[in-house]
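One structure is given here, and the rest of the page talks about it.
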Amino acid sequence: MNNAKPAATQAESSSPSASRTVFPILFAISIVHLLNDTMQSTVSALFPILRDELSLTYTQIGIIALAMNLTASLLQPLIGQFADKRPMPSILPIGVCFTLIGIVGLALAPHYALILLSVTALGIGSAIFHPESSRVAYLAAGQRRGLAQSIFQVGGNLGSSLGPIMTALLFVHIGQLGVIWFVFVAITGILIQWYVAKWYKQQLAVPKPKVKARAGNNNRANRPLLSKQRVAWAMVILMTLVVSKNVYISSITSYYTFFLIDDYGVSIRNAQFYLFAFLAAAAVGTFLGGPMADRFGRRTIIWWSILGTAPFSLLLPYSNLFWSGIMAVLAGFILSSAFSIIVVYAQELLPGRIGFVSGLFFGLAFGIGGVGAAVLGGIADMTSISLVMKVSGLLPLLGVLAIWLPKDEQLRQGDAAAQA
């Protein structure tokens, strides 16, 4: 029997990091994730400025988000699928180079069409960055996959949370050209990714031990943990949950400031601080979600996170200004605790396809968020921003679907192996 594994799978199972957690690498890619998402957050941070300077409609603003996110959505699963068969450490710094191009273009673009091209370049950079960086997090995780994925992703959440602060302190005063300062951020990201790529190459060069199958147990050992039908159903549920999460977050990041400005009379500058509070709470939730899942179980945290957001998302549009901010913070904290766990859960559903799973879920997150932003922008133009907040508040109710996910014990022990 042929026991050979793809190169990526062998590296994942036999590298030194398979038994220990390599924190320097996890912190390095988390920092790059912070830098990457900080640069991407300049897009949504510029929305109020671009609306005034270029007289954009809400639909056009939604299309800007769609151009960046849909590019990342389409490319990430393809890059991840290819990397599962042929890992590409050298592509890590290349991804940030595309982000650098997008930053320069966004800072200097005088027309709407050039802005779309610039954010597309940012989307390409994101598509290259996430699948291979997520694989690095998996390799460096050891036995603490939830924690490792949370460390990786919290950098991205922190980076995203800086967008509103940049608007309040920088873009309101300097305008679109202020984005040019992030050239230095991109260069820093390229240098760190070069370091991470060297470690990644070393892991791939580790000699692969030969695996001997035990006589009489070979057929059982090669059975999948769960039947194909249950895996497919679980993946559909997970993707649906990601859709609900990211469309809701997109509605907040793209339109919550406009909701505060139009419905409560808040200034552009002060509205950014409310959005920052939401995104900062999301970053804290992301970081805590992984360790909580390692302790209490992945399925439990996924269910609690998505469905538990619903009371706060539903109340937010009907609250006064103070309580609207409180509802946003609680919704951001609870909702964001799930995503790192969803990725780890999916990686364990499809072992050996880390790049594809990471690309699919990160890409889906970007793509669906972008589509949601565009659709919600159209709804806002036809009705009101207030209605957008009310409609999007219903999305976390889809968290009830998590009840049909296989339990953690089933995922580990494979009680459905007989159905394979």
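Every chain in the structure tokens takes a letter, A first, then B, and so on in the order presented; its residues are numbered from 1, and the ligands are numbered from 1 following the presented order.
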I want to know what sits within 10 Å of range 268-285 of chain A, based on only C-alpha atoms, with residues of the same chain fewer than 4 positions away left out; could you give that as a PDB file with N, CA and C atoms, in the first residue's frame?
ATOM      1  N   ALA A  45     -11.841  52.986   6.313  1.00  0.00           N
ATOM      2  CA  ALA A  45     -11.605  54.222   7.065  1.00  0.00           C
ATOM      3  C   ALA A  45     -11.765  55.453   6.182  1.00  0.00           C
ATOM      4  N   PRO A  48     -15.953  57.718   4.664  1.00  0.00           N
ATOM      5  CA  PRO A  48     -16.574  59.033   4.864  1.00  0.00           C
ATOM      6  C   PRO A  48     -15.861  60.148   4.102  1.00  0.00           C
ATOM      7  N   ILE A  49     -14.530  60.035   3.982  1.00  0.00           N
ATOM      8  CA  ILE A  49     -13.752  61.044   3.253  1.00  0.00           C
ATOM      9  C   ILE A  49     -14.046  60.961   1.769  1.00  0.00           C
ATOM     10  N   SER A 150      -5.901  31.832  17.265  1.00  0.00           N
ATOM     11  CA  SER A 150      -6.341  33.089  17.867  1.00  0.00           C
ATOM     12  C   SER A 150      -5.225  34.122  17.864  1.00  0.00           C
ATOM     13  N   GLN A 153      -4.974  35.398  14.330  1.00  0.00           N
ATOM     14  CA  GLN A 153      -6.094  36.225  13.882  1.00  0.00           C
ATOM     15  C   GLN A 153      -6.276  37.498  14.685  1.00  0.00           C
ATOM     16  N   VAL A 154      -5.836  37.510  15.941  1.00  0.00           N
ATOM     17  CA  VAL A 154      -6.027  38.722  16.738  1.00  0.00           C
ATOM     18  C   VAL A 154      -5.220  39.871  16.157  1.00  0.00           C
ATOM     19  N   GLY A 155      -4.107  39.551  15.513  1.00  0.00           N
ATOM     20  CA  GLY A 155      -3.351  40.604  14.841  1.00  0.00           C
ATOM     21  C   GLY A 155      -4.179  41.277  13.767  1.00  0.00           C
ATOM     22  N   GLY A 156      -4.912  40.456  12.995  1.00  0.00           N
ATOM     23  CA  GLY A 156      -5.771  41.018  11.956  1.00  0.00           C
ATOM     24  C   GLY A 156      -6.890  41.864  12.535  1.00  0.00           C
ATOM     25  N   ASN A 157      -7.487  41.395  13.624  1.00  0.00           N
ATOM     26  CA  ASN A 157      -8.572  42.165  14.250  1.00  0.00           C
ATOM     27  C   ASN A 157      -8.071  43.487  14.807  1.00  0.00           C
ATOM     28  N   LEU A 158      -6.885  43.463  15.422  1.00  0.00           N
ATOM     29  CA  LEU A 158      -6.322  44.708  15.933  1.00  0.00           C
ATOM     30  C   LEU A 158      -6.030  45.672  14.799  1.00  0.00           C
ATOM     31  N   GLY A 159      -5.510  45.131  13.693  1.00  0.00           N
ATOM     32  CA  GLY A 159      -5.240  45.986  12.535  1.00  0.00           C
ATOM     33  C   GLY A 159      -6.502  46.614  11.989  1.00  0.00           C
ATOM     34  N   SER A 160      -7.567  45.820  11.908  1.00  0.00           N
ATOM     35  CA  SER A 160      -8.838  46.347  11.406  1.00  0.00           C
ATOM     36  C   SER A 160      -9.393  47.420  12.336  1.00  0.00           C
ATOM     37  N   SER A 161      -9.164  47.251  13.640  1.00  0.00           N
ATOM     38  CA  SER A 161      -9.715  48.208  14.604  1.00  0.00           C
ATOM     39  C   SER A 161      -9.048  49.568  14.516  1.00  0.00           C
ATOM     40  N   LEU A 162      -7.869  49.629  13.891  1.00  0.00           N
ATOM     41  CA  LEU A 162      -7.151  50.900  13.807  1.00  0.00           C
ATOM     42  C   LEU A 162      -7.710  51.813  12.720  1.00  0.00           C
ATOM     43  N   GLY A 163      -8.520  51.254  11.815  1.00  0.00           N
ATOM     44  CA  GLY A 163      -9.073  52.068  10.739  1.00  0.00           C
ATOM     45  C   GLY A 163      -9.828  53.296  11.217  1.00  0.00           C
ATOM     46  N   PRO A 164     -10.780  53.153  12.136  1.00  0.00           N
ATOM     47  CA  PRO A 164     -11.519  54.327  12.621  1.00  0.00           C
ATOM     48  C   PRO A 164     -10.625  55.359  13.295  1.00  0.00           C
ATOM     49  N   ILE A 165      -9.602  54.886  14.021  1.00  0.00           N
ATOM     50  CA  ILE A 165      -8.689  55.817  14.669  1.00  0.00           C
ATOM     51  C   ILE A 165      -7.922  56.614  13.622  1.00  0.00           C
ATOM     52  N   MET A 166      -7.541  55.918  12.533  1.00  0.00           N
ATOM     53  CA  MET A 166      -6.834  56.624  11.466  1.00  0.00           C
ATOM     54  C   MET A 166      -7.713  57.695  10.830  1.00  0.00           C
ATOM     55  N   THR A 167      -9.003  57.393  10.701  1.00  0.00           N
ATOM     56  CA  THR A 167      -9.919  58.400  10.156  1.00  0.00           C
ATOM     57  C   THR A 167     -10.012  59.608  11.078  1.00  0.00           C
ATOM     58  N   ALA A 168     -10.194  59.316  12.380  1.00  0.00           N
ATOM     59  CA  ALA A 168     -10.390  60.403  13.348  1.00  0.00           C
ATOM     60  C   ALA A 168      -9.146  61.273  13.506  1.00  0.00           C
ATOM     61  N   LEU A 169      -7.972  60.641  13.510  1.00  0.00           N
ATOM     62  CA  LEU A 169      -6.753  61.378  13.811  1.00  0.00           C
ATOM     63  C   LEU A 169      -5.941  61.769  12.584  1.00  0.00           C
ATOM     64  N   LEU A 170      -6.162  61.099  11.458  1.00  0.00           N
ATOM     65  CA  LEU A 170      -5.315  61.334  10.290  1.00  0.00           C
ATOM     66  C   LEU A 170      -6.099  61.790   9.073  1.00  0.00           C
ATOM     67  N   PHE A 171      -7.025  60.931   8.602  1.00  0.00           N
ATOM     68  CA  PHE A 171      -7.654  61.202   7.314  1.00  0.00           C
ATOM     69  C   PHE A 171      -8.583  62.414   7.345  1.00  0.00           C
ATOM     70  N   VAL A 172      -9.216  62.679   8.489  1.00  0.00           N
ATOM     71  CA  VAL A 172     -10.087  63.849   8.584  1.00  0.00           C
ATOM     72  C   VAL A 172      -9.293  65.123   8.339  1.00  0.00           C
ATOM     73  N   ILE A 249     -20.625  41.891  10.345  1.00  0.00           N
ATOM     74  CA  ILE A 249     -19.461  42.733  10.624  1.00  0.00           C
ATOM     75  C   ILE A 249     -19.251  43.748   9.502  1.00  0.00           C
ATOM     76  N   ILE A 252     -21.470  46.689   9.979  1.00  0.00           N
ATOM     77  CA  ILE A 252     -21.004  47.595  11.023  1.00  0.00           C
ATOM     78  C   ILE A 252     -19.811  48.412  10.525  1.00  0.00           C
ATOM     79  N   THR A 253     -18.810  47.734   9.953  1.00  0.00           N
ATOM     80  CA  THR A 253     -17.600  48.440   9.542  1.00  0.00           C
ATOM     81  C   THR A 253     -17.866  49.421   8.398  1.00  0.00           C
ATOM     82  N   SER A 254     -18.811  49.109   7.525  1.00  0.00           N
ATOM     83  CA  SER A 254     -19.074  49.976   6.379  1.00  0.00           C
ATOM     84  C   SER A 254     -20.093  51.073   6.664  1.00  0.00           C
ATOM     85  N   TYR A 255     -21.085  50.787   7.528  1.00  0.00           N
ATOM     86  CA  TYR A 255     -22.228  51.700   7.625  1.00  0.00           C
ATOM     87  C   TYR A 255     -22.579  52.161   9.039  1.00  0.00           C
ATOM     88  N   TYR A 256     -21.959  51.588  10.064  1.00  0.00           N
ATOM     89  CA  TYR A 256     -22.313  51.993  11.426  1.00  0.00           C
ATOM     90  C   TYR A 256     -21.993  53.471  11.671  1.00  0.00           C
ATOM     91  N   THR A 257     -20.860  53.929  11.122  1.00  0.00           N
ATOM     92  CA  THR A 257     -20.527  55.349  11.301  1.00  0.00           C
ATOM     93  C   THR A 257     -21.566  56.241  10.640  1.00  0.00           C
ATOM     94  N   PHE A 258     -22.064  55.846   9.463  1.00  0.00           N
ATOM     95  CA  PHE A 258     -23.100  56.631   8.795  1.00  0.00           C
ATOM     96  C   PHE A 258     -24.402  56.606   9.600  1.00  0.00           C
ATOM     97  N   PHE A 259     -24.693  55.452  10.214  1.00  0.00           N
ATOM     98  CA  PHE A 259     -25.866  55.335  11.069  1.00  0.00           C
ATOM     99  C   PHE A 259     -25.783  56.321  12.241  1.00  0.00           C
ATOM    100  N   LEU A 260     -24.610  56.390  12.860  1.00  0.00           N
ATOM    101  CA  LEU A 260     -24.420  57.311  13.976  1.00  0.00           C
ATOM    102  C   LEU A 260     -24.493  58.774  13.520  1.00  0.00           C
ATOM    103  N   ILE A 261     -23.925  59.051  12.349  1.00  0.00           N
ATOM    104  CA  ILE A 261     -23.917  60.419  11.831  1.00  0.00           C
ATOM    105  C   ILE A 261     -25.332  60.861  11.453  1.00  0.00           C
ATOM    106  N   TYR A 264     -28.026  59.998  14.811  1.00  0.00           N
ATOM    107  CA  TYR A 264     -27.740  60.575  16.120  1.00  0.00           C
ATOM    108  C   TYR A 264     -27.025  61.921  16.031  1.00  0.00           C
ATOM    109  N   GLY A 289     -11.311  33.566  22.140  1.00  0.00           N
ATOM    110  CA  GLY A 289     -12.081  32.453  21.595  1.00  0.00           C
ATOM    111  C   GLY A 289     -11.285  31.168  21.476  1.00  0.00           C
ATOM    112  N   GLY A 290     -10.033  31.252  21.021  1.00  0.00           N
ATOM    113  CA  GLY A 290      -9.219  30.054  20.849  1.00  0.00           C
ATOM    114  C   GLY A 290      -8.953  29.318  22.148  1.00  0.00           C
ATOM    115  N   SER A 305     -21.040  31.728  20.383  1.00  0.00           N
ATOM    116  CA  SER A 305     -20.556  32.965  19.794  1.00  0.00           C
ATOM    117  C   SER A 305     -21.534  33.556  18.791  1.00  0.00           C
ATOM    118  N   LEU A 321     -28.020  56.572  21.887  1.00  0.00           N
ATOM    119  CA  LEU A 321     -26.621  56.614  21.474  1.00  0.00           C
ATOM    120  C   LEU A 321     -25.716  55.838  22.429  1.00  0.00           C
ATOM    121  N   PHE A 322     -25.871  56.038  23.729  1.00  0.00           N
ATOM    122  CA  PHE A 322     -25.016  55.355  24.707  1.00  0.00           C
ATOM    123  C   PHE A 322     -25.178  53.842  24.616  1.00  0.00           C
ATOM    124  N   SER A 324     -26.475  52.106  22.213  1.00  0.00           N
ATOM    125  CA  SER A 324     -26.078  51.615  20.895  1.00  0.00           C
ATOM    126  C   SER A 324     -24.597  51.245  20.902  1.00  0.00           C
ATOM    127  N   GLY A 325     -23.775  52.095  21.526  1.00  0.00           N
ATOM    128  CA  GLY A 325     -22.353  51.782  21.632  1.00  0.00           C
ATOM    129  C   GLY A 325     -22.093  50.546  22.472  1.00  0.00           C
ATOM    130  N   ILE A 326     -22.840  50.397  23.580  1.00  0.00           N
ATOM    131  CA  ILE A 326     -22.686  49.215  24.430  1.00  0.00           C
ATOM    132  C   ILE A 326     -23.079  47.949  23.674  1.00  0.00           C
ATOM    133  N   MET A 327     -24.207  48.003  22.955  1.00  0.00           N
ATOM    134  CA  MET A 327     -24.647  46.840  22.177  1.00  0.00           C
ATOM    135  C   MET A 327     -23.618  46.462  21.112  1.00  0.00           C
ATOM    136  N   ALA A 328     -23.021  47.472  20.475  1.00  0.00           N
ATOM    137  CA  ALA A 328     -22.019  47.215  19.439  1.00  0.00           C
ATOM    138  C   ALA A 328     -20.787  46.534  20.035  1.00  0.00           C
ATOM    139  N   VAL A 329     -20.346  46.991  21.195  1.00  0.00           N
ATOM    140  CA  VAL A 329     -19.170  46.397  21.840  1.00  0.00           C
ATOM    141  C   VAL A 329     -19.441  44.942  22.220  1.00  0.00           C
ATOM    142  N   LEU A 330     -20.592  44.678  22.815  1.00  0.00           N
ATOM    143  CA  LEU A 330     -20.918  43.305  23.213  1.00  0.00           C
ATOM    144  C   LEU A 330     -21.079  42.394  22.003  1.00  0.00           C
ATOM    145  N   ALA A 331     -21.716  42.909  20.954  1.00  0.00           N
ATOM    146  CA  ALA A 331     -21.881  42.114  19.735  1.00  0.00           C
ATOM    147  C   ALA A 331     -20.528  41.799  19.113  1.00  0.00           C
ATOM    148  N   GLY A 332     -19.647  42.785  19.045  1.00  0.00           N
ATOM    149  CA  GLY A 332     -18.329  42.559  18.461  1.00  0.00           C
ATOM    150  C   GLY A 332     -17.512  41.557  19.242  1.00  0.00           C
ATOM    151  N   PHE A 333     -17.558  41.657  20.569  1.00  0.00           N
ATOM    152  CA  PHE A 333     -16.786  40.747  21.413  1.00  0.00           C
ATOM    153  C   PHE A 333     -17.259  39.308  21.263  1.00  0.00           C
ATOM    154  N   ILE A 334     -18.570  39.095  21.371  1.00  0.00           N
ATOM    155  CA  ILE A 334     -19.101  37.730  21.345  1.00  0.00           C
ATOM    156  C   ILE A 334     -18.977  37.121  19.945  1.00  0.00           C
ATOM    157  N   LEU A 335     -19.330  37.880  18.923  1.00  0.00           N
ATOM    158  CA  LEU A 335     -19.349  37.338  17.566  1.00  0.00           C
ATOM    159  C   LEU A 335     -17.966  36.935  17.091  1.00  0.00           C
ATOM    160  N   SER A 336     -16.955  37.721  17.417  1.00  0.00           N
ATOM    161  CA  SER A 336     -15.620  37.469  16.875  1.00  0.00           C
ATOM    162  C   SER A 336     -14.888  36.341  17.576  1.00  0.00           C
ATOM    163  N   SER A 337     -15.418  35.833  18.667  1.00  0.00           N
ATOM    164  CA  SER A 337     -14.757  34.723  19.346  1.00  0.00           C
ATOM    165  C   SER A 337     -14.874  33.425  18.561  1.00  0.00           C
ATOM    166  N   ALA A 338     -15.694  33.403  17.514  1.00  0.00           N
ATOM    167  CA  ALA A 338     -15.974  32.148  16.812  1.00  0.00           C
ATOM    168  C   ALA A 338     -15.056  31.871  15.642  1.00  0.00           C
ATOM    169  N   PHE A 339     -14.555  32.911  14.953  1.00  0.00           N
ATOM    170  CA  PHE A 339     -13.967  32.661  13.637  1.00  0.00           C
ATOM    171  C   PHE A 339     -12.719  31.794  13.692  1.00  0.00           C
TER     172      PHE A 339
END
Margin query: Between A:Leu397, A:Ile354, A:Ala374, A:Ala107, which residue has the minimum interatomic distance to Asp84 in chain A, considering only C-alpha atoms?
Written below: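 For Asp84 in chain A, the nearest of the given residues is A:Ile354.
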Next item on the list: Please provide the set of residues having any atom within 7 Å of range 65-76 of chain A, restricted to only C-alpha atoms, with same-chain residues fewer than 2 positions apart removed, written as number ranges by chain.
Entry: A: 61-63, 78-80, 116, 119-120, 122-124, 126-128, 131, 359-360, 363-364, 366-367, 369-371, 373-374
